[in-house]
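coords-v4.txt follows; it contains compact mmCIF, C-alpha atoms.
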# COMPACT_ATOMS: atom_id res chain seq x y z
CA PRO A 26 218.79 150.71 190.93
CA THR A 27 220.80 152.41 193.71
CA ALA A 28 220.88 155.65 191.70
CA CYS A 29 217.09 155.89 191.86
CA PRO A 30 215.67 155.32 195.35
CA PRO A 31 211.88 154.72 195.19
CA ILE A 32 209.45 157.26 196.58
CA TRP A 33 208.31 154.97 199.42
CA LEU A 34 211.87 154.89 200.74
CA ALA A 35 212.15 158.68 200.65
CA GLU A 36 208.85 158.96 202.52
CA LYS A 37 209.78 156.32 205.09
CA HIS A 38 213.30 157.68 205.63
CA PRO A 39 213.49 161.31 204.46
CA GLU A 40 217.06 161.47 205.73
CA ILE A 41 218.16 159.55 202.63
CA LEU A 42 217.59 162.71 200.57
CA PRO A 43 220.63 164.96 200.14
CA VAL A 44 220.60 168.68 200.79
CA HIS A 45 221.74 171.22 198.22
CA LYS A 46 224.28 173.87 199.20
CA ASP A 47 221.52 176.48 199.29
CA GLY A 48 219.85 174.50 202.10
CA ARG A 49 217.01 173.00 200.04
CA THR A 50 216.43 169.25 200.18
CA VAL A 51 216.82 167.48 196.86
CA GLY A 52 213.41 165.97 196.25
CA PHE A 53 212.11 162.84 194.56
CA GLY A 54 211.36 162.86 190.86
CA ALA A 55 214.60 162.59 188.91
CA ARG A 56 217.59 160.48 189.97
CA GLN A 57 220.56 160.47 192.34
CA HIS A 58 218.37 161.87 195.08
CA ARG A 59 220.32 160.04 197.78
CA SER A 60 222.78 160.75 200.56
CA TYR A 61 225.75 158.38 200.55
CA PHE A 62 226.08 159.13 204.27
CA SER A 63 222.60 158.00 205.29
CA ASP A 64 222.73 154.68 207.13
CA GLN A 65 219.23 153.87 205.86
CA TYR A 66 220.16 154.52 202.25
CA VAL A 67 223.24 152.31 202.55
CA LYS A 68 221.24 149.55 204.26
CA TYR A 69 218.53 149.42 201.62
CA SER A 70 221.04 149.74 198.79
CA LEU A 71 223.08 146.79 199.99
CA ARG A 72 219.90 144.81 200.52
CA ILE A 73 218.79 145.14 196.90
CA VAL A 74 222.33 144.58 195.58
CA ASP A 75 222.59 141.40 197.63
CA LEU A 76 219.20 140.09 196.44
CA MET A 77 219.99 140.87 192.79
CA ALA A 78 223.35 139.16 193.11
CA GLN A 79 221.75 136.04 194.56
CA ARG A 80 219.12 135.97 191.82
CA TYR A 81 221.24 136.78 188.77
CA GLY A 82 224.84 136.24 189.88
CA SER A 83 225.32 132.97 188.01
CA HIS A 84 222.86 133.61 185.19
CA PRO A 85 224.54 132.74 181.86
CA ASN A 86 223.22 135.88 180.16
CA VAL A 87 224.89 138.19 182.70
CA VAL A 88 228.43 138.88 181.50
CA ALA A 89 229.35 141.77 183.83
CA TRP A 90 227.98 144.06 186.53
CA GLN A 91 227.67 147.83 186.39
CA LEU A 92 227.37 149.79 189.62
CA ASP A 93 225.06 152.78 189.85
CA ASN A 94 225.15 155.42 187.10
CA GLU A 95 227.68 158.21 186.59
CA PHE A 96 228.81 158.79 190.15
CA GLY A 97 229.22 162.49 190.91
CA GLY A 98 226.58 163.52 188.40
CA GLU A 99 223.37 165.23 189.43
CA THR A 100 224.12 165.53 193.15
CA LYS A 101 227.78 166.45 193.55
CA TYR A 102 227.83 167.43 197.23
CA ASP A 103 225.54 166.80 200.17
CA TYR A 104 225.07 169.45 202.85
CA GLY A 105 222.59 167.52 204.97
CA ALA A 106 222.76 166.41 208.62
CA CYS A 107 223.99 162.88 207.81
CA ALA A 108 226.79 164.28 205.67
CA LYS A 109 227.80 166.80 208.34
CA GLN A 110 228.03 164.12 211.02
CA ALA A 111 230.04 161.88 208.70
CA PHE A 112 232.33 164.78 207.77
CA HIS A 113 233.16 165.42 211.40
CA ALA A 114 233.98 161.73 211.88
CA TYR A 115 236.12 161.80 208.72
CA LEU A 116 238.10 164.79 210.00
CA ALA A 117 238.53 163.27 213.47
CA GLU A 118 239.88 160.05 211.98
CA LYS A 119 242.22 161.89 209.61
CA TYR A 120 243.65 164.48 212.00
CA GLY A 121 243.29 162.76 215.37
CA THR A 122 242.97 165.97 217.38
CA ILE A 123 241.38 169.33 216.71
CA GLU A 124 244.74 170.95 217.51
CA ALA A 125 246.35 169.01 214.66
CA LEU A 126 243.63 170.19 212.29
CA ASN A 127 244.04 173.80 213.39
CA ASP A 128 247.80 173.61 212.83
CA SER A 129 247.44 171.97 209.43
CA TRP A 130 244.79 174.38 208.18
CA GLY A 131 246.34 177.51 209.64
CA THR A 132 243.09 178.52 211.30
CA ALA A 133 244.77 181.32 213.25
CA PHE A 134 244.12 183.38 210.13
CA TRP A 135 240.96 185.46 210.53
CA SER A 136 240.25 183.88 213.94
CA GLN A 137 239.05 180.59 212.45
CA HIS A 138 240.41 178.41 215.28
CA TYR A 139 238.14 175.48 216.21
CA HIS A 140 237.72 173.96 219.67
CA SER A 141 236.02 170.74 218.56
CA PHE A 142 235.30 168.87 215.34
CA GLY A 143 231.58 169.48 215.89
CA GLN A 144 232.11 173.22 215.30
CA ILE A 145 233.36 172.76 211.75
CA PRO A 146 230.70 173.80 209.20
CA LEU A 147 230.06 172.43 205.75
CA PRO A 148 231.29 174.92 203.13
CA GLY A 149 227.94 176.21 201.95
CA PRO A 150 227.37 179.75 200.66
CA VAL A 151 228.45 182.62 202.90
CA SER A 152 225.79 185.32 203.13
CA SER A 153 227.67 188.56 202.62
CA ASP A 154 227.42 191.78 200.66
CA VAL A 155 230.75 190.98 199.05
CA MET A 156 231.85 187.68 197.53
CA MET A 157 233.31 185.50 200.30
CA TRP A 158 234.54 181.93 200.52
CA HIS A 159 235.24 179.43 203.25
CA HIS A 160 238.75 178.48 204.28
CA PRO A 161 240.41 176.73 201.30
CA SER A 162 241.47 173.80 203.50
CA LEU A 163 237.85 173.28 204.52
CA GLU A 164 236.76 173.40 200.88
CA LEU A 165 239.46 170.91 199.86
CA GLU A 166 238.75 168.45 202.66
CA PHE A 167 235.02 168.56 201.98
CA ALA A 168 235.69 167.77 198.31
CA ARG A 169 237.92 164.85 199.30
CA PHE A 170 235.36 163.63 201.83
CA SER A 171 232.54 163.82 199.28
CA SER A 172 234.50 161.83 196.71
CA ASP A 173 235.49 159.28 199.33
CA GLY A 174 231.83 158.78 200.25
CA MET A 175 231.04 157.76 196.66
CA VAL A 176 234.13 155.57 196.40
CA GLN A 177 233.31 153.70 199.62
CA PHE A 178 229.68 153.27 198.53
CA ALA A 179 230.81 151.72 195.22
CA ARG A 180 233.26 149.44 197.01
CA MET A 181 230.54 148.22 199.37
CA GLN A 182 228.44 147.23 196.36
CA ALA A 183 231.35 145.48 194.63
CA ARG A 184 232.25 143.52 197.76
CA ALA A 185 228.63 142.45 198.17
CA LEU A 186 228.50 141.23 194.57
CA ARG A 187 231.74 139.27 194.31
CA PRO A 188 230.73 136.17 196.33
CA TYR A 189 227.84 135.54 193.91
CA ILE A 190 229.04 136.48 190.42
CA GLY A 191 231.69 133.87 189.70
CA GLY A 192 234.51 136.19 188.69
CA ARG A 193 232.50 138.31 186.27
CA PRO A 194 233.96 141.81 185.94
CA ILE A 195 232.52 144.78 187.82
CA THR A 196 232.59 148.31 186.48
CA THR A 197 230.73 151.60 186.59
CA ASN A 198 230.18 154.24 183.93
CA ALA A 199 232.13 157.45 184.32
CA PHE A 200 231.53 160.75 182.58
CA MET A 201 234.75 161.81 184.22
CA PHE A 202 235.35 165.43 183.29
CA SER A 203 231.82 166.60 182.63
CA TRP A 204 229.47 165.12 185.23
CA GLY A 205 232.08 163.47 187.43
CA ASP A 206 234.67 166.21 187.87
CA ASN A 207 234.21 165.93 191.65
CA VAL A 208 235.21 162.24 191.91
CA ASN A 209 238.67 160.75 192.40
CA TRP A 210 238.35 158.24 189.56
CA ALA A 211 241.67 156.55 190.28
CA GLU A 212 240.28 155.62 193.69
CA MET A 213 236.87 154.73 192.27
CA PHE A 214 238.25 152.21 189.79
CA ALA A 215 241.03 150.86 192.02
CA GLU A 216 238.93 147.91 193.22
CA LEU A 217 236.90 147.50 190.02
CA ASP A 218 237.89 145.36 187.06
CA VAL A 219 237.15 147.57 184.07
CA ALA A 220 236.91 151.33 183.57
CA GLY A 221 233.60 152.27 182.01
CA ILE A 222 233.51 155.58 180.18
CA ASP A 223 230.74 157.67 178.66
CA ILE A 224 231.54 159.78 175.58
CA TYR A 225 229.15 162.27 174.02
CA SER A 226 231.47 163.77 171.43
CA SER A 227 232.86 163.28 167.94
CA LYS A 228 235.90 165.46 168.62
CA PRO A 229 239.10 163.39 168.30
CA TYR A 230 240.92 165.22 171.10
CA GLU A 231 238.05 164.60 173.56
CA ILE A 232 237.84 160.93 172.63
CA ALA A 233 241.62 160.60 172.94
CA PHE A 234 241.60 162.36 176.29
CA TYR A 235 239.03 160.00 177.79
CA CYS A 236 240.76 156.94 176.38
CA ASP A 237 244.19 158.06 177.62
CA ALA A 238 242.73 158.84 181.04
CA SER A 239 241.27 155.33 181.22
CA ARG A 240 244.25 153.39 179.92
CA GLY A 241 247.03 155.60 181.29
CA VAL A 242 245.86 157.25 184.51
CA LEU A 243 243.42 154.59 185.68
CA ALA A 244 245.60 151.75 184.32
CA LYS A 245 242.56 149.69 183.41
CA PRO A 246 241.08 148.14 180.29
CA PHE A 247 238.04 150.23 179.39
CA TRP A 248 234.63 149.87 177.83
CA ILE A 249 232.52 152.59 176.27
CA MET A 250 229.30 152.33 178.24
CA GLU A 251 227.41 155.27 176.71
CA PHE A 252 227.86 157.37 173.60
CA GLY A 253 225.80 160.01 171.88
CA ALA A 254 223.53 159.04 169.02
CA SER A 255 224.31 162.51 167.67
CA SER A 256 227.98 161.52 167.29
CA PRO A 257 227.91 159.54 164.01
CA GLU A 258 231.67 159.85 163.53
CA LEU A 259 232.55 158.36 166.91
CA GLU A 260 233.32 154.85 165.61
CA ALA A 261 235.74 156.04 162.94
CA LYS A 262 237.49 158.51 165.20
CA LEU A 263 237.72 156.03 168.06
CA SER A 264 239.39 153.60 165.66
CA LEU A 265 241.83 156.37 164.73
CA VAL A 266 242.59 157.04 168.38
CA GLN A 267 243.12 153.33 169.08
CA GLY A 268 245.44 153.14 166.09
CA ARG A 269 247.62 155.74 167.74
CA GLY A 270 248.25 153.52 170.73
CA CYS A 271 245.38 154.42 173.05

This entry written out as structure tokens:
Amino acid sequence: PTACPPIWLAEKHPEILPVHKDGRTVGFGARQHRSYFSDQYVKYSLRIVDLMAQRYGSHPNVVAWQLDNEFGGETKYDYGACAKQAFHAYLAEKYGTIEALNDSWGTAFWSQHYHSFGQIPLPGPVSSDVMMWHHPSLELEFARFSSDGMVQFARMQARALRPYIGGRPITTNAFMFSWGDNVNWAEMFAELDVAGIDIYSSKPYEIAFYCDASRGVLAKPFWIMEFGASSPELEAKLSLVQGRGC
């Protein structure tokens, strides 16, 4: 349920809602309307995970646990106040000093030198009459930071579950190169037991690519968690792919 915070939580703690890069708050009504960097969102998420684990952790009909739903899907990046504060802390921990960050990023170019971590913006759109971008190092670090926020959130859930579930495997479902192209999946699955993949295709090369990514890159056994009902040839082509050593 962590992918779908209830409306009462959004009303009680509006800071759990992420902010789109255009500055608009992502509202209630769909799913993944949550900031991984909101302390309140994390607190309530771990609370419900803990209670579910206590209630169903040893239930004989529960064979495994799935975290969340397609991390990195609907809300890829968060430009809100909680995320900005967490980003500054992330940079301070990684670089140690603002001078080290300036040297690493080469901020002397175009007078982009920073005097404190609090001056560093989130790489939202630049209002200009010509197409402009933020410093590529800022863009890259923000992408890494955003992925790390999802990875750490998943790991918190997994660590909360393990004392109650008696060794049952934990996974999550990944639509890796469509919805989740902004997530470091090797890091995401590093502390999980099984790679869960979603496939909405009957094309052999796409099926093979996802299977190879799971078995080869992630080095995990994998389960198909979702597949398209409009892909009637999936079973036969998946068998073909598996026959080739996937």

Interatomic distance, atom CA of A:Gln137 to atom CA of A:Phe112 (Å, one decimal): 17.8 Å

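Atom CA of A:His160 lies 25.0 Å from atom CA of A:Gly98.
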
Interatomic distance (Å, one decimal) between atom CA of A:Tyr102 and atom CA of A:Asn209: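 For atom CA of A:Tyr102 relative to atom CA of A:Asn209, the distance reads 13.6 Å.
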
Minimum-distance residue to A:Phe214, chosen among A:Arg187, A:Arg180, A:His159, A:Arg169 (using only C-alpha atoms): A:Arg180

Shell of 9 Å around stretch 75-90 of chain A, all atoms listed in the file, local chain residues under 5 positions omitted, as JSON, numbers by chain: {"A": [70, 182, 183, 185, 186, 187, 188, 189, 190, 191, 193, 194, 195, 196, 197]}

For stretch 215-222 of chain A: contacts at 8 Å, all atoms listed in the file, fewer than 3 positions along chain excluded, given as a ChimeraX atom specification: /A:180,183,194-201,211-212,235,239,243,245-251

N, CA, C and O atoms for stretch 233-255 of chain A, written as a PDB file, keeping the file's coordinate frame, could you do that?
ATOM      1  N   ALA A 233     240.267 161.003 172.553  1.00  0.00           N
ATOM      2  CA  ALA A 233     241.620 160.600 172.940  1.00  0.00           C
ATOM      3  C   ALA A 233     241.868 160.868 174.419  1.00  0.00           C
ATOM      4  O   ALA A 233     242.502 160.060 175.110  1.00  0.00           O
ATOM      5  N   PHE A 234     241.368 162.003 174.894  1.00  0.00           N
ATOM      6  CA  PHE A 234     241.600 162.360 176.290  1.00  0.00           C
ATOM      7  C   PHE A 234     240.955 161.355 177.231  1.00  0.00           C
ATOM      8  O   PHE A 234     241.568 160.898 178.195  1.00  0.00           O
ATOM      9  N   TYR A 235     239.719 160.973 176.946  1.00  0.00           N
ATOM     10  CA  TYR A 235     239.030 160.000 177.790  1.00  0.00           C
ATOM     11  C   TYR A 235     239.700 158.634 177.716  1.00  0.00           C
ATOM     12  O   TYR A 235     239.856 157.937 178.728  1.00  0.00           O
ATOM     13  N   CYS A 236     240.097 158.234 176.526  1.00  0.00           N
ATOM     14  CA  CYS A 236     240.760 156.940 176.380  1.00  0.00           C
ATOM     15  C   CYS A 236     242.106 156.925 177.087  1.00  0.00           C
ATOM     16  O   CYS A 236     242.454 155.957 177.770  1.00  0.00           O
ATOM     17  N   ASP A 237     242.889 157.980 176.943  1.00  0.00           N
ATOM     18  CA  ASP A 237     244.190 158.060 177.620  1.00  0.00           C
ATOM     19  C   ASP A 237     244.022 158.081 179.130  1.00  0.00           C
ATOM     20  O   ASP A 237     244.811 157.486 179.859  1.00  0.00           O
ATOM     21  N   ALA A 238     242.981 158.799 179.597  1.00  0.00           N
ATOM     22  CA  ALA A 238     242.730 158.840 181.040  1.00  0.00           C
ATOM     23  C   ALA A 238     242.413 157.446 181.563  1.00  0.00           C
ATOM     24  O   ALA A 238     242.857 157.055 182.645  1.00  0.00           O
ATOM     25  N   SER A 239     241.652 156.679 180.786  1.00  0.00           N
ATOM     26  CA  SER A 239     241.270 155.330 181.220  1.00  0.00           C
ATOM     27  C   SER A 239     242.453 154.370 181.182  1.00  0.00           C
ATOM     28  O   SER A 239     242.732 153.661 182.144  1.00  0.00           O
ATOM     29  N   ARG A 240     243.162 154.349 180.073  1.00  0.00           N
ATOM     30  CA  ARG A 240     244.250 153.390 179.920  1.00  0.00           C
ATOM     31  C   ARG A 240     245.491 153.824 180.679  1.00  0.00           C
ATOM     32  O   ARG A 240     246.189 152.991 181.269  1.00  0.00           O
ATOM     33  N   GLY A 241     245.792 155.124 180.686  1.00  0.00           N
ATOM     34  CA  GLY A 241     247.030 155.600 181.290  1.00  0.00           C
ATOM     35  C   GLY A 241     246.910 155.914 182.768  1.00  0.00           C
ATOM     36  O   GLY A 241     247.611 155.346 183.599  1.00  0.00           O
ATOM     37  N   VAL A 242     245.980 156.803 183.116  1.00  0.00           N
ATOM     38  CA  VAL A 242     245.860 157.250 184.510  1.00  0.00           C
ATOM     39  C   VAL A 242     245.208 156.172 185.377  1.00  0.00           C
ATOM     40  O   VAL A 242     245.688 155.860 186.471  1.00  0.00           O
ATOM     41  N   LEU A 243     244.127 155.590 184.891  1.00  0.00           N
ATOM     42  CA  LEU A 243     243.420 154.590 185.680  1.00  0.00           C
ATOM     43  C   LEU A 243     244.043 153.203 185.561  1.00  0.00           C
ATOM     44  O   LEU A 243     243.790 152.330 186.389  1.00  0.00           O
ATOM     45  N   ALA A 244     244.870 153.019 184.536  1.00  0.00           N
ATOM     46  CA  ALA A 244     245.600 151.750 184.320  1.00  0.00           C
ATOM     47  C   ALA A 244     244.637 150.563 184.276  1.00  0.00           C
ATOM     48  O   ALA A 244     244.869 149.530 184.894  1.00  0.00           O
ATOM     49  N   LYS A 245     243.562 150.735 183.525  1.00  0.00           N
ATOM     50  CA  LYS A 245     242.560 149.690 183.410  1.00  0.00           C
ATOM     51  C   LYS A 245     242.181 149.494 181.946  1.00  0.00           C
ATOM     52  O   LYS A 245     242.218 150.440 181.155  1.00  0.00           O
ATOM     53  N   PRO A 246     241.788 148.271 181.563  1.00  0.00           N
ATOM     54  CA  PRO A 246     241.080 148.140 180.290  1.00  0.00           C
ATOM     55  C   PRO A 246     239.768 148.916 180.397  1.00  0.00           C
ATOM     56  O   PRO A 246     239.240 149.096 181.493  1.00  0.00           O
ATOM     57  N   PHE A 247     239.240 149.407 179.282  1.00  0.00           N
ATOM     58  CA  PHE A 247     238.040 150.230 179.390  1.00  0.00           C
ATOM     59  C   PHE A 247     237.012 149.845 178.347  1.00  0.00           C
ATOM     60  O   PHE A 247     237.333 149.354 177.267  1.00  0.00           O
ATOM     61  N   TRP A 248     235.774 150.062 178.712  1.00  0.00           N
ATOM     62  CA  TRP A 248     234.630 149.870 177.830  1.00  0.00           C
ATOM     63  C   TRP A 248     233.924 151.206 177.659  1.00  0.00           C
ATOM     64  O   TRP A 248     233.851 152.002 178.600  1.00  0.00           O
ATOM     65  N   ILE A 249     233.399 151.435 176.469  1.00  0.00           N
ATOM     66  CA  ILE A 249     232.520 152.590 176.270  1.00  0.00           C
ATOM     67  C   ILE A 249     231.113 152.155 176.640  1.00  0.00           C
ATOM     68  O   ILE A 249     230.516 151.308 175.983  1.00  0.00           O
ATOM     69  N   MET A 250     230.602 152.721 177.703  1.00  0.00           N
ATOM     70  CA  MET A 250     229.300 152.330 178.240  1.00  0.00           C
ATOM     71  C   MET A 250     228.152 153.137 177.625  1.00  0.00           C
ATOM     72  O   MET A 250     227.054 152.635 177.451  1.00  0.00           O
ATOM     73  N   GLU A 251     228.416 154.417 177.333  1.00  0.00           N
ATOM     74  CA  GLU A 251     227.410 155.270 176.710  1.00  0.00           C
ATOM     75  C   GLU A 251     228.085 156.134 175.652  1.00  0.00           C
ATOM     76  O   GLU A 251     229.242 156.538 175.821  1.00  0.00           O
ATOM     77  N   PHE A 252     227.368 156.415 174.580  1.00  0.00           N
ATOM     78  CA  PHE A 252     227.860 157.370 173.600  1.00  0.00           C
ATOM     79  C   PHE A 252     226.660 158.065 172.969  1.00  0.00           C
ATOM     80  O   PHE A 252     225.546 157.555 173.007  1.00  0.00           O
ATOM     81  N   GLY A 253     226.896 159.221 172.419  1.00  0.00           N
ATOM     82  CA  GLY A 253     225.800 160.010 171.880  1.00  0.00           C
ATOM     83  C   GLY A 253     225.366 159.546 170.511  1.00  0.00           C
ATOM     84  O   GLY A 253     226.187 159.351 169.604  1.00  0.00           O
ATOM     85  N   ALA A 254     224.067 159.380 170.340  1.00  0.00           N
ATOM     86  CA  ALA A 254     223.530 159.040 169.020  1.00  0.00           C
ATOM     87  C   ALA A 254     223.765 160.164 168.027  1.00  0.00           C
ATOM     88  O   ALA A 254     223.721 159.962 166.812  1.00  0.00           O
ATOM     89  N   SER A 255     224.028 161.357 168.530  1.00  0.00           N
ATOM     90  CA  SER A 255     224.310 162.510 167.670  1.00  0.00           C
ATOM     91  C   SER A 255     225.799 162.602 167.318  1.00  0.00           C
ATOM     92  O   SER A 255     226.249 163.631 166.815  1.00  0.00           O
TER      93      SER A 255
END
